[in-house]
Structures are given as C-alpha cells and as structure tokens.
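This report refers to the structure that appears directly beneath it.
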Amino acid sequence: MPDPSAPRKPRRLGIVIPFGLLLIFMAGWSVVWLRARAEVVRRLDAGQAALQQAGYDISWREREVGGYPFRLDVTLTDAHVRDRSGWALEAPTVEAEAFLHAPTHWIVAAPTGLTFVRPVGGPVRVTGRLIRMSLSHFQNWPPNLSFEGTGLQFAAAPGATPFGLSAADRVEFHLRQAPAAVGDEGGAWLSVTNGKAQLTGLLGRIAGDKPISVAWDGRLSKMSAFRGRSWVQAVRNWTAAGGRMSVKSGGLTAGDALIGVNSGDLGVDREGRLAGVLDVSLRQAPRALGEMGASGTLPPDRAEAAAEVARAREAGGDLAHATLNFEAGRTTLGPVALSAAPKVY
C-alpha cells in the first residue's frame, strides 16, 4: 500500500485577515475620534473667546475631553459665566456628552448642582435629583434646547434675598424652531410642577402650604433676527425687525389663587421693558391683591383699587376676566396702575 500523503499545513489567512481588518478599522476609528476631540476643543476655545469679546466673563478651572471610543465627554470643573448686567451661572462640575455618530446632539448635566446669581437678589443654590439640558439641531434657529430638573431645592445664600420658590417637583423649559411651513417662528414652553413657595414671600402668603404650578406656551415671530453679540443686542435686533411673542396659554396657580392667561401679544419697548397685553382670568384675585398690599409689594391704595376692579369683574363666582396691559413702562390691571412693567434687559 502506498504511504498516505502528508497533511498540508493549515492556511492562516482565514484568521489573519479578519484581525488585520479589525486593526485597520480600530486605527481609522481612533483617528476619527481624535479629530472629533480636537474639533470639540477648538470650538470650546472659540466659543469662550467670542463670549469674552461680547462682554461675558466665562471661565473654568479644569477641562477634560474624553469618552474614547464611542463618545465625546467634556467635563468642566468650577465653571463660571457672567454677563454685563450681573446675572451669572456657576457650577462645581459640568458634564457634557455626545455620541461620536451624533456629534451635534449634546446632553449637559450639573450632577452636583449649580448656583445662579441675580444682579440684585444675590446667589441662589440649586440642587436636585436631576439637572440636565440637551442641545441639538444647531442648523436651526433657534436650535433645539430643553432643560429638565426634578426634585429641585432652591436655597438663597446667606444675606441674599429669598427666592420665590424653595422647592419644585419638576421644572421644564423647551425652545424649538417652528416647522418650515409655519414660517420664521420659534416656540417656547415652560412648566413648574408642585412648587413650594418661601413662607416669608408673597407667594407663600397667598398659597400657604399648597403647591404652586406655572405653565407658559408662547410663539415668537421673526426669530431669524434674534441674533447679536449680547442678550441686549439680540433683543433689540429682534424688536427692530418686528419680533413679538404670541401667548397661546399660560398661568400661575398658587393655592386657591389662579392667574390664567387666555391669550396675549407681547413685545419689548425702547427702555427694555415688557410691552403688550394679556387677556387673563383671575381666581381669588381680591385676596391675592390684598396680600400684595399688606406685604408692601403694592401700595395699599393701588392694591385696594385693583381688588375692587377684580370684584366688579367677577361674574357670579370667584373668577374674574380682565386685561393686564404693559405700556409706557407700567403694568395696569384695567384702569389701575399696579407697578413698573417687567424688565427684559
């Protein structure tokens, strides 16, 4: 019998080729990630320089950019931003994250809380179970922006003016560009669920121990003109182009008191104050206005006159329909001047 043929050595290409392709892919992916990281750093530096040139004070003590291989993670330590009017935002740690396959969709969180500083009232420390924001669709104007906070606690710094709320179950804010078919518009939505008023403040006097809720739904026209190197310049450019806010609905519920906004049209005057009109529904308005007079928020004679207007417009119940006018720098309820109109800048 002939000797059997010697077995052939196994070919290793079937094993080497897949591993080789994997190494090539990993090397290429690493190059892509490194370039994306460099672009993030470049844009952060460019954004910081642009804001500083516009008059903002923005800084951080440390910056880390990581997340290899599938994410882009940015961590800022002791971040701080302040505008020229005195408003400021500070956070011990800011964490931002985007996936490499979607580098224009960012989630930003403040895991250890944040502090916002009011020009007059002073700092307010904010903590909660969740404080985060998302930014996306930067090609739109405005880009998509959403803020969400749950289990929030608000604490004014020692010596600062108490903040209107001490806690809230949930706070949400959303800003979106309107569909192309609608036109040059944007939408803004705000909601505060189950807020708790400071017991020493006006809302606390009105609400007692009952929760406070806020809702707002508005549409902003001429959004393409809302641009500028600062907040003031952006608002002025928007106003000059005829920008207005059309209020679809809104309201504030404080215990048994209610301010419901049925509709409205708002803008900004030359002095930077709110201008326009709101069609409102008021429940327990005489009591609320009386509390405002008793607390000194309004002069007692004006509070009493406004309460009489509200009583006269109650149609067989405790709900009155009236108009709030913001004109010539004043806020009026019917014919009664209440206070100065709120400042936008």
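Each chain in the structure tokens gets a letter, A, B, ..., in the order shown, and its residues are numbered from 1; ligands are numbered from 1 in order too.
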- prompt: Could you pull the residues within 8 Å of Ser191 of chain A, counting only C-alpha atoms, minus those fewer than 6 positions along the same chain, as an NGL selection string?
  reply: :A and (170-173 or 213-216)
Do you know which residues are at most 12 Å from Asp45 of chain A counting only C-alpha atoms, after dropping those on the same chain fewer than 4 positions away, and could you put them as a CSV table (one decimal) with N, CA and C atoms, in the first residue's frame?
chain,number,residue,atom,x,y,z
A,38,ALA,N,-10.3,67.0,18.9
A,38,ALA,CA,-9.7,68.3,18.6
A,38,ALA,C,-10.6,69.4,18.2
A,39,GLU,N,-11.7,69.0,17.4
A,39,GLU,CA,-12.7,69.9,17.0
A,39,GLU,C,-13.5,70.4,18.1
A,40,VAL,N,-13.8,69.6,19.1
A,40,VAL,CA,-14.6,70.0,20.3
A,40,VAL,C,-13.7,71.0,21.1
A,41,VAL,N,-12.4,70.7,21.3
A,41,VAL,CA,-11.6,71.6,22.0
A,41,VAL,C,-11.5,73.0,21.3
A,49,ALA,N,-13.8,82.6,23.6
A,49,ALA,CA,-13.2,83.8,23.1
A,49,ALA,C,-14.3,84.8,22.6
A,50,ALA,N,-15.3,84.2,21.9
A,50,ALA,CA,-16.4,85.0,21.3
A,50,ALA,C,-17.2,85.6,22.4
A,51,LEU,N,-17.5,84.9,23.4
A,51,LEU,CA,-18.3,85.4,24.5
A,51,LEU,C,-17.6,86.4,25.3
A,52,GLN,N,-16.3,86.2,25.6
A,52,GLN,CA,-15.5,87.2,26.3
A,52,GLN,C,-15.4,88.5,25.5
A,58,ILE,N,-16.4,84.3,31.2
A,58,ILE,CA,-16.6,82.9,31.2
A,58,ILE,C,-15.3,82.2,31.4
A,59,SER,N,-15.3,81.2,32.3
A,59,SER,CA,-14.0,80.5,32.6
A,59,SER,C,-14.3,79.2,33.3
A,60,TRP,N,-13.3,78.4,33.4
A,60,TRP,CA,-13.3,77.1,34.2
A,60,TRP,C,-11.9,76.8,34.7
A,63,ARG,N,-10.4,71.4,32.4
A,63,ARG,CA,-11.3,70.9,31.3
A,63,ARG,C,-10.7,69.6,30.9
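When only C-alpha atoms are used to measure the gap to Thr93 of chain A, the shortest distance among A:Leu72, A:Ile15, A:Ile131, A:Ile212 belongs to A:Ile131.
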- prompt: Residues at most 10 Å from Val126 of chain A, counting only C-alpha atoms, excluding those fewer than 5 positions away in the same chain, as a ChimeraX atom specification?
  reply: /A:91,110,112-116,131,149,152-156,166-167
query: Which residues in segment 31-222 of chain A does DSSP call alpha helix (DSSP H)? List them as a list in words.
result: Val31, Val32, Trp33, Leu34, Arg35, Ala36, Arg37, Ala38, Glu39, Val40, Val41, Arg42, Arg43, Leu44, Asp45, Ala46, Gly47, Gln48, Ala49, Ala50, Leu51, Gln52, Gln53, Leu202, Leu203, Gly204, Arg205, Ile206 and Ala207 of chain A
query: Excluding same-chain residues fewer than 5 positions from Leu175 of chain A, what lies within 8 Å of it counting only C-alpha atoms, as a count of residues only?
result: 9
- prompt: So which residues touch Lys222 of chain A within 12 Å, counting only C-alpha atoms, skipping near sequence neighbours fewer than 6 positions away, as a list in words?
  reply: Trp141, Pro142, Gln177, Ala178, Val182, Gly183, Asp184, Glu185, Gly186, Gly187, Ala234, Val235, Asn237, Trp238, Thr239, Ala240, Ala241, Gly242, Gly243, Arg244, Met245, Ser246 and Gly267 of chain A
For the selection just defined, write its residues with C-alpha atoms to a file, as a compact mmCIF listing (two decimals), in the first residue's frame.
# COMPACT_ATOMS: atom_id res chain seq x y z
CA TRP A 141 -32.61 78.96 14.57
CA PRO A 142 -33.28 78.74 17.36
CA GLN A 177 -37.85 76.22 15.71
CA ALA A 178 -41.26 76.14 14.06
CA VAL A 182 -45.24 77.92 9.61
CA GLY A 183 -42.53 80.45 8.83
CA ASP A 184 -39.87 82.34 10.75
CA GLU A 185 -41.09 81.40 14.22
CA GLY A 186 -39.96 79.67 17.38
CA GLY A 187 -41.83 78.09 20.26
CA ALA A 234 -30.15 90.29 20.26
CA VAL A 235 -33.40 91.55 21.85
CA ASN A 237 -32.36 93.45 16.79
CA TRP A 238 -35.40 91.21 17.23
CA THR A 239 -37.60 94.12 18.31
CA ALA A 240 -36.40 96.31 15.43
CA ALA A 241 -37.39 93.56 12.99
CA GLY A 242 -40.93 93.48 14.44
CA GLY A 243 -40.48 90.48 16.68
CA ARG A 244 -43.39 89.67 19.02
CA MET A 245 -44.44 86.86 21.34
CA SER A 246 -47.92 85.46 20.78
CA GLY A 267 -43.00 92.79 22.83
query: Taking the backbone alone, and naming residues the way the document does, which bits of segment 90-207 of chain A are strand (DSSP E) by DSSP, as number ranges by chain?
result: A: 90-99, 106-109, 114-118, 122-127, 130-136, 144-156, 165-177, 185-197
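In this structure, atom CA of Ala320 of chain A sits 16.4 Å away from atom CA of Val277 of chain A.
Pairwise distance (atom CA of Ala27 of chain A, atom CA of Phe70 of chain A) equals 13.5 Å.
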message: Report as a PyMOL selection string all protein, DNA and RNA residues lying within 8 Å of Glu62 of chain A, evaluated on only C-alpha atoms, omitting residues in the same chain fewer than 6 positions from it.
response: chain A and resi 76-78
